[in-house]
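Take a look at the structure set out below.
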Amino acid sequence: MTSLKVIEYRKEFLKCLNSIEYGKSRYKVFQDFIEVSTISIFNTIAKNEELEKRYFEIIGQYKNPNKLAELLAITAAALEKVPCDFLGDVYMFGEFGNRNTGQVFTPYHVAEMMSLCTYDKDNLKREIEEKGFITVSEPCCGAGVMLIAFAHTLLNYGFNPQQVMWFELRDIDINCCYMAYIQTSLLGLSGQVQHGNTITMETWQNFTTPFSVFTYHKFKSFRQKSEEQKQIIDTKIQKEERKQEYENIKIEQLSLFS
């Protein structure tokens with residue numbers, strides 16, 4: 001059940017969204033909003049010129065681009081007032097999801113229940129005391145609902161998720177990555193949102209949250225280990241690809257003499 005506060009913020013968000021640009025579809029405006037918001041947040045630490053160019057390319061299409069910033073302010077207010085997956089809720093309610101792939105996001109109350117089932121307070125305390133922090137990985141993150149729910153579970157157990165949690169989220173849908181990145185950044189969480197394929201372990205874009213700058217040394221050892229593991233996986237994938245290319249060449253050569 002969606003809370004009344006979330007419904008109120010959702011109404012305000014969609015009202016603003018509908019008033020922005022009458023020449024564009026609601027979906028396109030929403031898509032532009034999450035992309036420029038991601039770029040504006042990420043570039044506070046990345047300083048990527050190509051992304052900056054893309055940012056101005058998008059907002060240049062709007063008569064009143066400040067309205068996009070207003071959408072971000074509404075999102076921030078909603079996340080501050082009530083535990084929720086606000087953008088995921090807007091995405092589903094606004095019917096922006098991909099119907100062809102049967103894209104349906106997990107409701108927040110279900111994610112909350114799952115986070116409570118995953119860890120109890122004593123196990124969390126034990127792991128945090130041993131390692132100093134806890135890591136969370138979500139291979140198909142959507143708008144980040146599972147992580148957001150788990151962060152609030154940590155808070156309810158008496159732990160500050162900003163201090164004791166490092167996350168890695170991944171999704172094949174770039175729109176999901178944008179939404180997850182915006183929400184985790186606004187919540188001040190440390191981690192990375194990766195646009196990639198979990199099955200093939202391909203990564204096309206990687207967005208690190210701004211708060212990670214402040215917790216870099218705390219999670220440094222884990223991040224280095226994670227990067228080493230990724231390099232090992234990438235090497236294995238490259239070896240398999242070369243092996244397959246070699247097999248294809250052999251088949252082509254054999255066919256010449258068949």
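Starting from 1 in every chain, residues are counted up; chains themselves are A, B, ... following the order of the structure tokens, and ligands are numbered from 1 as listed.
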Members of stretch 113-156 of chain A assigned helix (DSSP H, G or I) by DSSP, as number ranges by chain: A: 113-118, 121-131, 145-156
Kindly export the residues of the current selection with N, CA and C atoms, as a CSV table (one decimal), in the first residue's frame.
chain,number,residue,atom,x,y,z
A,113,MET,N,9.8,-5.8,3.7
A,113,MET,CA,9.6,-7.1,4.3
A,113,MET,C,10.8,-8.1,4.0
A,114,MET,N,11.2,-8.0,2.7
A,114,MET,CA,12.4,-8.9,2.3
A,114,MET,C,13.7,-8.5,3.1
A,115,SER,N,13.8,-7.2,3.3
A,115,SER,CA,15.0,-6.7,4.0
A,115,SER,C,15.0,-7.1,5.4
A,116,LEU,N,13.8,-7.2,6.0
A,116,LEU,CA,13.7,-7.7,7.4
A,116,LEU,C,14.0,-9.2,7.5
A,117,CYS,N,13.6,-9.9,6.4
A,117,CYS,CA,13.9,-11.3,6.4
A,117,CYS,C,15.3,-11.7,6.2
A,118,THR,N,16.1,-10.8,5.5
A,118,THR,CA,17.4,-11.1,5.1
A,118,THR,C,18.4,-11.0,6.3
A,121,LYS,N,18.8,-8.0,13.6
A,121,LYS,CA,19.7,-7.0,14.2
A,121,LYS,C,21.0,-7.6,14.8
A,122,ASP,N,20.9,-8.8,15.4
A,122,ASP,CA,22.1,-9.4,16.0
A,122,ASP,C,23.1,-9.8,14.9
A,123,ASN,N,22.7,-10.4,13.8
A,123,ASN,CA,23.6,-10.7,12.7
A,123,ASN,C,24.2,-9.5,12.1
A,124,LEU,N,23.4,-8.5,11.9
A,124,LEU,CA,23.9,-7.2,11.4
A,124,LEU,C,25.0,-6.7,12.3
A,125,LYS,N,24.7,-6.6,13.6
A,125,LYS,CA,25.7,-6.1,14.5
A,125,LYS,C,27.0,-6.8,14.5
A,126,ARG,N,26.9,-8.2,14.4
A,126,ARG,CA,28.1,-9.0,14.4
A,126,ARG,C,28.9,-8.7,13.2
A,127,GLU,N,28.3,-8.7,12.0
A,127,GLU,CA,29.0,-8.5,10.8
A,127,GLU,C,29.7,-7.1,10.7
A,128,ILE,N,28.9,-6.1,11.2
A,128,ILE,CA,29.5,-4.7,11.2
A,128,ILE,C,30.6,-4.6,12.2
A,129,GLU,N,30.5,-5.2,13.3
A,129,GLU,CA,31.6,-5.2,14.3
A,129,GLU,C,32.9,-5.9,13.8
A,130,GLU,N,32.7,-7.0,13.0
A,130,GLU,CA,33.8,-7.7,12.5
A,130,GLU,C,34.5,-7.0,11.3
A,131,LYS,N,33.7,-6.4,10.4
A,131,LYS,CA,34.3,-5.8,9.2
A,131,LYS,C,34.3,-4.3,9.2
A,145,VAL,N,14.9,0.0,-5.1
A,145,VAL,CA,13.9,-0.2,-4.0
A,145,VAL,C,14.5,-1.1,-2.9
A,146,MET,N,15.2,-2.2,-3.3
A,146,MET,CA,15.7,-3.1,-2.3
A,146,MET,C,16.7,-2.5,-1.4
A,147,LEU,N,17.6,-1.7,-2.1
A,147,LEU,CA,18.7,-1.0,-1.3
A,147,LEU,C,18.1,0.0,-0.4
A,148,ILE,N,17.1,0.8,-0.9
A,148,ILE,CA,16.5,1.9,-0.1
A,148,ILE,C,15.8,1.3,1.2
A,149,ALA,N,15.1,0.2,0.9
A,149,ALA,CA,14.4,-0.5,2.0
A,149,ALA,C,15.4,-1.0,3.1
A,150,PHE,N,16.5,-1.6,2.6
A,150,PHE,CA,17.5,-2.2,3.5
A,150,PHE,C,18.2,-1.0,4.3
A,151,ALA,N,18.4,0.1,3.6
A,151,ALA,CA,19.0,1.2,4.3
A,151,ALA,C,18.1,1.7,5.5
A,152,HIS,N,16.8,1.7,5.2
A,152,HIS,CA,15.9,2.1,6.3
A,152,HIS,C,15.8,1.1,7.4
A,153,THR,N,16.0,-0.2,7.0
A,153,THR,CA,16.0,-1.3,8.0
A,153,THR,C,17.2,-1.1,8.9
A,154,LEU,N,18.4,-0.8,8.3
A,154,LEU,CA,19.6,-0.5,9.1
A,154,LEU,C,19.4,0.6,10.1
A,155,LEU,N,18.7,1.7,9.6
A,155,LEU,CA,18.4,2.8,10.4
A,155,LEU,C,17.5,2.5,11.6
A,156,ASN,N,16.5,1.7,11.3
A,156,ASN,CA,15.6,1.2,12.4
A,156,ASN,C,16.3,0.3,13.4
Strand (DSSP E) positions in stretch 171-209 of chain A, given as a list in words: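 The strand (DSSP E) residues within stretch 171-209 of chain A come out as Asp171, Ser190, Gly191, Gln192, Val193, Gln194, His195, Gly196, Asn197, Glu202, Thr203, Trp204, Gln205, Asn206, Phe207 and Thr208 of chain A.
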Go ahead and dump the residues you just picked, N, CA and C atoms, as a PDB file, in the first residue's frame.
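The resulting file, again33.pdb, is shown below:
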ATOM      1  N   ASP A 171      21.921  -2.660 -13.482  1.00  0.00           N
ATOM      2  CA  ASP A 171      20.720  -2.933 -14.266  1.00  0.00           C
ATOM      3  C   ASP A 171      21.046  -2.764 -15.742  1.00  0.00           C
ATOM      4  N   SER A 190      26.711   5.502   0.060  1.00  0.00           N
ATOM      5  CA  SER A 190      28.002   5.287  -0.613  1.00  0.00           C
ATOM      6  C   SER A 190      27.950   4.036  -1.478  1.00  0.00           C
ATOM      7  N   GLY A 191      28.327   4.201  -2.753  1.00  0.00           N
ATOM      8  CA  GLY A 191      28.345   3.043  -3.634  1.00  0.00           C
ATOM      9  C   GLY A 191      28.360   3.414  -5.095  1.00  0.00           C
ATOM     10  N   GLN A 192      28.085   2.398  -5.920  1.00  0.00           N
ATOM     11  CA  GLN A 192      28.133   2.569  -7.366  1.00  0.00           C
ATOM     12  C   GLN A 192      26.885   1.987  -8.018  1.00  0.00           C
ATOM     13  N   VAL A 193      26.409   2.682  -9.031  1.00  0.00           N
ATOM     14  CA  VAL A 193      25.326   2.170  -9.870  1.00  0.00           C
ATOM     15  C   VAL A 193      25.919   1.908 -11.241  1.00  0.00           C
ATOM     16  N   GLN A 194      25.813   0.666 -11.690  1.00  0.00           N
ATOM     17  CA  GLN A 194      26.448   0.262 -12.942  1.00  0.00           C
ATOM     18  C   GLN A 194      25.400  -0.062 -13.999  1.00  0.00           C
ATOM     19  N   HIS A 195      25.556   0.557 -15.166  1.00  0.00           N
ATOM     20  CA  HIS A 195      24.732   0.187 -16.313  1.00  0.00           C
ATOM     21  C   HIS A 195      25.432  -0.968 -17.001  1.00  0.00           C
ATOM     22  N   GLY A 196      24.860  -2.152 -16.895  1.00  0.00           N
ATOM     23  CA  GLY A 196      25.529  -3.313 -17.458  1.00  0.00           C
ATOM     24  C   GLY A 196      24.652  -4.550 -17.450  1.00  0.00           C
ATOM     25  N   ASN A 197      25.232  -5.624 -17.939  1.00  0.00           N
ATOM     26  CA  ASN A 197      24.550  -6.915 -18.041  1.00  0.00           C
ATOM     27  C   ASN A 197      25.107  -7.844 -16.970  1.00  0.00           C
ATOM     28  N   GLU A 202      29.187  -7.556 -18.387  1.00  0.00           N
ATOM     29  CA  GLU A 202      29.597  -6.362 -19.133  1.00  0.00           C
ATOM     30  C   GLU A 202      29.148  -5.111 -18.376  1.00  0.00           C
ATOM     31  N   THR A 203      29.989  -4.092 -18.368  1.00  0.00           N
ATOM     32  CA  THR A 203      29.645  -2.815 -17.752  1.00  0.00           C
ATOM     33  C   THR A 203      29.900  -1.709 -18.762  1.00  0.00           C
ATOM     34  N   TRP A 204      28.876  -0.892 -19.012  1.00  0.00           N
ATOM     35  CA  TRP A 204      28.985   0.166 -20.009  1.00  0.00           C
ATOM     36  C   TRP A 204      29.182   1.542 -19.369  1.00  0.00           C
ATOM     37  N   GLN A 205      28.566   1.752 -18.240  1.00  0.00           N
ATOM     38  CA  GLN A 205      28.740   3.008 -17.512  1.00  0.00           C
ATOM     39  C   GLN A 205      28.741   2.721 -16.021  1.00  0.00           C
ATOM     40  N   ASN A 206      29.483   3.543 -15.292  1.00  0.00           N
ATOM     41  CA  ASN A 206      29.580   3.355 -13.847  1.00  0.00           C
ATOM     42  C   ASN A 206      29.425   4.713 -13.159  1.00  0.00           C
ATOM     43  N   PHE A 207      28.427   4.827 -12.303  1.00  0.00           N
ATOM     44  CA  PHE A 207      28.164   6.081 -11.607  1.00  0.00           C
ATOM     45  C   PHE A 207      28.406   5.898 -10.108  1.00  0.00           C
ATOM     46  N   THR A 208      29.363   6.638  -9.574  1.00  0.00           N
ATOM     47  CA  THR A 208      29.664   6.598  -8.152  1.00  0.00           C
ATOM     48  C   THR A 208      28.951   7.750  -7.453  1.00  0.00           C
TER      49      THR A 208
END
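The coordinates place atom CA of A:Ile34 at 5.7 Å from atom CA of A:Tyr178.
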Distance query stretch 86-99 of chain A at most 6 Å, only C-alpha atoms, self and fewer than 4 positions along chain excluded, as a list in words: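 Selected residues are Tyr27, Gln103 and Ala143 of chain A.
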Surrounding residues of A:Phe13 excluding itself and chain neighbours under 2 positions, 8 Å, only C-alpha atoms, as JSON, numbers by chain: {"A": [9, 10, 11, 15, 16, 17, 71, 74, 75]}
From A:Pro65, A:Gly60, A:Gly144, A:Pro161, residue lying nearest A:Phe105 [only C-alpha atoms]: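 Counting only C-alpha atoms, the residue closest to A:Phe105 is A:Gly144.
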Can you list, as a compact mmCIF listing (two decimals) with all heavy atoms, in the first residue's frame, every protein, DNA or RNA residue that comes within 7 Å of A:Cys140 when you count only C-alpha atoms, leaving out same-chain residues fewer than 2 positions away?
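So the final result, stored in around-v1.txt, reads:
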# COMPACT_ATOMS: atom_id res chain seq x y z
N GLU A 138 23.00 -5.67 -5.70
CA GLU A 138 21.70 -5.91 -6.33
C GLU A 138 21.91 -6.02 -7.83
O GLU A 138 22.23 -5.04 -8.50
CB GLU A 138 20.75 -4.77 -5.99
CG GLU A 138 19.42 -4.81 -6.72
CD GLU A 138 18.64 -6.09 -6.48
OE1 GLU A 138 18.20 -6.34 -5.36
OE2 GLU A 138 18.49 -6.85 -7.47
N GLY A 142 16.42 -2.10 -10.64
CA GLY A 142 15.27 -1.24 -10.86
C GLY A 142 15.63 0.18 -10.44
O GLY A 142 16.70 0.68 -10.76
N ARG A 170 23.23 -2.79 -10.18
CA ARG A 170 23.42 -2.97 -11.62
C ARG A 170 22.07 -3.21 -12.29
O ARG A 170 21.19 -3.86 -11.72
CB ARG A 170 24.35 -4.17 -11.88
CG ARG A 170 24.64 -4.44 -13.35
CD ARG A 170 25.45 -5.73 -13.48
NE ARG A 170 26.81 -5.54 -13.00
CZ ARG A 170 27.85 -5.33 -13.79
NH1 ARG A 170 27.69 -5.27 -15.09
NH2 ARG A 170 29.05 -5.18 -13.29
N ASP A 171 21.92 -2.66 -13.48
CA ASP A 171 20.72 -2.93 -14.27
C ASP A 171 21.05 -2.76 -15.74
O ASP A 171 21.89 -1.94 -16.11
CB ASP A 171 19.57 -2.01 -13.88
CG ASP A 171 18.21 -2.64 -14.18
OD1 ASP A 171 17.83 -2.73 -15.37
OD2 ASP A 171 17.52 -3.06 -13.22
Nearest to A:Leu14, chosen from A:Leu68, A:Ile59, A:Met165, A:Leu186, with only C-alpha atoms counted in the distances: A:Leu68
